[in-house]
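Below is one structure, written out as structure tokens; comments come after it.
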Amino acid sequence: MVETTHRAAPDQYARPAQKEKQGRLRQWLTLVLLVYFLICAVSIVGDGFKLATGDHAERLFEFATNPFVGLMVGIVATALIQSSSTVTSVIVGMVAGGLPVAVAVPMVMGANIGTTVTNTLVSLGHVNDKNEFRRAFAAATVHDFFNLLAVVILLPIEILFHPLEHMAGAVAGAFYGDANLSLDNVNIVGQLTSPVTDTAGQLVSSLPAVAGGIALIVIGVALIFLSIRYIGKLLKTLMVGRARQIMLSAIGRGPFTGVASGALVTMLVQSSSTTTSLMVPMAGSGAFTLRQIYPFTIGSNIGTTMTALLAATAISGATAMLALEIAVVHLLFNLCAVLIIGGLPFLRLLPVKGAQWLGRVAAERKALAAGWVLGVFIALPALLIAVTVL
């Protein structure tokens with residue numbers, strides 16, 4: 001009896017391990033399927049936008065041709081949705097549907113600012129302890145200050161000279177132009193996604209053009225929401241342990257390592273909000289200083305651009321190059337921001353000093369913290385949009 005018990009024991013331990021391994025495999029397969037649906041969803045948004053607007057896409061966005069309005073649209077949309085990945089993916093789809101790249105560029109910049117609202121809200125969880133809240137709020141708002149400073153520097157330059165649009169156009173042209181890397185006639189992703197996108201088109205084929213286009217946009221946006229939401233949840237389960245280890249080992253080793261690890265971790269979890277929000281309680285507890293987490297935070301801006309680049313691969317046809325162009329604009333904007341602000345000594349620490357000051361003020365007057373969130377991300381952008389449009 002004793003021998004039988006001992007022989008059965010290894011099998012009893014092996015079964016849970018095997019089940020865990022099978023569960024992990026199912027999670028990875030589900031992740032691949034969700035990424036596939038994300039790519040399909042962006043293509044559906046583009047198709048819907050084309051169908052709904054016909055040849056009048058530019059007229060539809062005349063109100064946003066003012067770059068400052070476009071910027072505010074990006075801020076408000078991302079603050080409400082709390083996902084720059086979702087907003088930039090939708091923008092890619094809209095560009096594929098006819099939205100001019102020049103109009104979309106400020107929207108992408110606005111999405112960069114809007115995404116910082118999540119970690120700012122996370123910092124409010126430390127409001128009961130004055131010192132913790134001061135550190136946590138400063139750690140959250142350093143992202144705000146950096147992205148605001150990046151827009152203040154780069155948006156006027158982009159309005160006057162369009163360097164990001166030109167550089168992104170050159171990169172996209174290398175893939176869709178006459179170069180050897182051209183993918184225009186070998187759109188494997190488009191062929192893989194056609195079963196889903198064609199089915200969606202057939203579902204609305206009996207509707208009038210405008211109604212059918214709007215229905216496709218709603219379907220596509222809903223699919224983007226669901227895909228990114230569950231991709232984030234799965235990646236947290238699968239990768240956040242490794243991501244946290246990378247983060248802990250990289251923070252404090254220097255600015256270059258911090259930026260690189262921030263970008264890598266964000267690519268793993270596909271959410272800058274997730275990675276920067278992880279830093280807030282660590283800063284609040286005093287485990288890391290604001291200057292230590294600052295490079296990691298700005299590195300997350302680079303990592304989050306991978307979603308839009310991935311989404312751009314879904315687009316085929318005449319607007320494929322434009323969709324890739326706006327995705328590359330998002331990447332170049334964040335790279336240039338890191339190089340300019342991080343590279344110039346008189347700019348480098350401005351976000352840190354601004355966040356430290358705001359952290360001290362907010363710790364003394366808690367209402368100002370709520371005022372910052374509502375004012376910067378909702379009230380001020382909405383007011384500027386209303387004034388400009390009216």
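Ligands are numbered from 1 in the order shown, chains are lettered A, B, ... in the order of the structure tokens, and residues start at 1 in each chain.
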Residues near A:Leu124, cut-off 12 Å, only C-alpha atoms, skip fewer than 6 positions along chain, as a ChimeraX atom specification: /A:117-118,130,132-141,277,280-281,284,359,362-363,366-370,372-373
Kindly save the residues from that selection, with C-alpha atoms included, as a short mmCIF file (atom, residue, chain, number, x, y, z; two decimals), in the first residue's frame.
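Output saved as again04.cif:
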data_model
loop_
_atom_site.label_atom_id
_atom_site.label_comp_id
_atom_site.auth_asym_id
_atom_site.auth_seq_id
_atom_site.Cartn_x
_atom_site.Cartn_y
_atom_site.Cartn_z
CA VAL A 117 -4.40 60.47 -17.39
CA THR A 118 -4.45 56.80 -16.30
CA LYS A 130 0.67 63.14 2.39
CA GLU A 132 3.26 59.07 -0.40
CA PHE A 133 0.81 61.16 -2.39
CA ARG A 134 3.44 63.83 -3.08
CA ARG A 135 5.85 61.24 -4.47
CA ALA A 136 3.16 59.29 -6.36
CA PHE A 137 1.55 62.36 -7.94
CA ALA A 138 4.94 63.68 -9.03
CA ALA A 139 5.80 60.27 -10.53
CA ALA A 140 2.51 60.28 -12.47
CA THR A 141 2.62 63.87 -13.69
CA SER A 277 0.96 52.95 -13.60
CA VAL A 280 3.39 55.11 -9.39
CA PRO A 281 3.06 52.90 -6.26
CA GLY A 284 4.89 56.49 -3.71
CA GLY A 359 3.44 67.07 -6.33
CA ALA A 362 -1.19 68.78 -4.71
CA ALA A 363 -0.08 67.22 -1.42
CA LYS A 366 -5.84 67.73 -2.67
CA ALA A 367 -8.54 69.53 -4.68
CA LEU A 368 -5.86 70.88 -7.02
CA ALA A 369 -4.95 67.31 -7.99
CA ALA A 370 -8.52 66.67 -9.16
CA TRP A 372 -5.35 69.18 -12.76
CA VAL A 373 -6.88 65.95 -14.07
#
Long-range neighbours of A:Asp198 as a ChimeraX atom specification, 12 Å cut-off, only C-alpha atoms, 3 positions minimum in chain: /A:40-41,43-44,47-48,190-195,201-205,216
Would you write out those residues with N, CA, C and O atoms, as a short mmCIF file (atom, residue, chain, number, x, y, z; two decimals), in the first residue's frame?
data_model
loop_
_atom_site.label_atom_id
_atom_site.label_comp_id
_atom_site.auth_asym_id
_atom_site.auth_seq_id
_atom_site.Cartn_x
_atom_site.Cartn_y
_atom_site.Cartn_z
N CYS A 40 -7.75 43.07 -38.09
CA CYS A 40 -8.98 43.07 -38.88
C CYS A 40 -9.83 44.29 -38.55
O CYS A 40 -10.41 44.92 -39.45
N ALA A 41 -9.92 44.63 -37.27
CA ALA A 41 -10.77 45.73 -36.83
C ALA A 41 -10.32 47.06 -37.43
O ALA A 41 -11.16 47.87 -37.85
N SER A 43 -8.77 47.53 -40.24
CA SER A 43 -9.15 47.50 -41.64
C SER A 43 -10.65 47.76 -41.81
O SER A 43 -11.07 48.46 -42.74
N ILE A 44 -11.47 47.23 -40.90
CA ILE A 44 -12.92 47.45 -40.95
C ILE A 44 -13.25 48.93 -40.75
O ILE A 44 -14.11 49.49 -41.43
N ASP A 47 -12.46 50.71 -43.99
CA ASP A 47 -13.50 50.42 -44.99
C ASP A 47 -14.78 51.20 -44.69
O ASP A 47 -15.41 51.75 -45.60
N GLY A 48 -15.15 51.26 -43.41
CA GLY A 48 -16.36 51.97 -43.02
C GLY A 48 -16.25 53.45 -43.26
O GLY A 48 -17.20 54.10 -43.72
N GLY A 190 -3.21 41.59 -45.49
CA GLY A 190 -4.51 41.90 -46.08
C GLY A 190 -5.24 40.66 -46.55
O GLY A 190 -6.45 40.53 -46.38
N GLN A 191 -4.49 39.72 -47.12
CA GLN A 191 -5.10 38.46 -47.58
C GLN A 191 -5.57 37.62 -46.40
O GLN A 191 -6.62 36.98 -46.46
N LEU A 192 -4.81 37.63 -45.31
CA LEU A 192 -5.18 36.83 -44.13
C LEU A 192 -6.42 37.40 -43.44
O LEU A 192 -7.22 36.65 -42.89
N THR A 193 -6.55 38.72 -43.47
CA THR A 193 -7.66 39.35 -42.77
C THR A 193 -8.92 39.46 -43.63
O THR A 193 -10.00 39.77 -43.10
N SER A 194 -8.81 39.22 -44.92
CA SER A 194 -9.96 39.41 -45.81
C SER A 194 -11.19 38.58 -45.43
O SER A 194 -12.32 39.06 -45.61
N PRO A 195 -11.06 37.34 -44.90
CA PRO A 195 -12.28 36.62 -44.51
C PRO A 195 -13.14 37.39 -43.51
O PRO A 195 -14.36 37.42 -43.62
N GLY A 201 -18.23 43.42 -44.32
CA GLY A 201 -18.80 44.17 -45.43
C GLY A 201 -20.11 43.60 -45.92
O GLY A 201 -21.06 44.33 -46.24
N GLN A 202 -20.19 42.28 -45.96
CA GLN A 202 -21.43 41.62 -46.39
C GLN A 202 -22.57 41.85 -45.41
O GLN A 202 -23.73 41.97 -45.81
N LEU A 203 -22.24 41.95 -44.12
CA LEU A 203 -23.28 42.16 -43.10
C LEU A 203 -24.00 43.49 -43.28
O LEU A 203 -25.18 43.62 -42.93
N VAL A 204 -23.29 44.50 -43.81
CA VAL A 204 -23.90 45.83 -43.96
C VAL A 204 -24.22 46.15 -45.41
O VAL A 204 -24.61 47.28 -45.72
N SER A 205 -24.06 45.18 -46.29
CA SER A 205 -24.23 45.44 -47.73
C SER A 205 -25.66 45.86 -48.10
O SER A 205 -25.87 46.55 -49.09
N LEU A 216 -20.03 49.84 -40.03
CA LEU A 216 -18.69 49.23 -40.08
C LEU A 216 -17.74 49.91 -39.10
O LEU A 216 -16.94 49.24 -38.43
#
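Of the residues under consideration (A:Met72, A:Leu121, A:Ala104, A:Ile293), A:Ala104 shows the shortest atom-to-atom contact distance to A:Leu164 when counting only C-alpha atoms.
If you look at atom CA of A:Leu374 and atom CA of A:Ala79, they are 9.8 Å away from each other.
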Quick one: pick out all alpha helix (DSSP H) residues within stretch 24-209 of chain A from a backbone DSSP run and write them as a ChimeraX atom specification. /A:24-53,57-60,67-81,84-96,101-114,117-123,130-161,163-176,188-203,209
How many Å lie between atom CA of A:Ile91 and atom CA of A:Pro67, rounded to one decimal?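 It comes out at 14.8 Å.
Look at A:Ile39: the protein and nucleic acid residues within 10 Å of it, using only C-alpha atoms and passing over chain neighbours fewer than 6 places away, are A:Ser89, A:Gly93, A:Val189, A:Gly190, A:Leu192, A:Thr193, A:Thr197, A:Gly220, A:Leu223, A:Ile224, A:Ser227, A:Thr307, A:Ala308, A:Leu310, A:Ala311, A:Ala312, A:Thr313, A:Ala314, A:Ile315.
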For a test of reading the model, state the distance in Å between atom CA of A:Gly97 and atom CA of A:Ile113, rounded to one decimal.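 We find that atom CA of A:Gly97 and atom CA of A:Ile113 lie 24.5 Å from each other.
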Nearest to A:Val171: which of A:Leu384, A:Ile340, A:Leu324, A:Leu349 is it, counting only C-alpha atoms?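 Using only C-alpha atoms, the shortest distance to A:Val171 belongs to A:Leu324.
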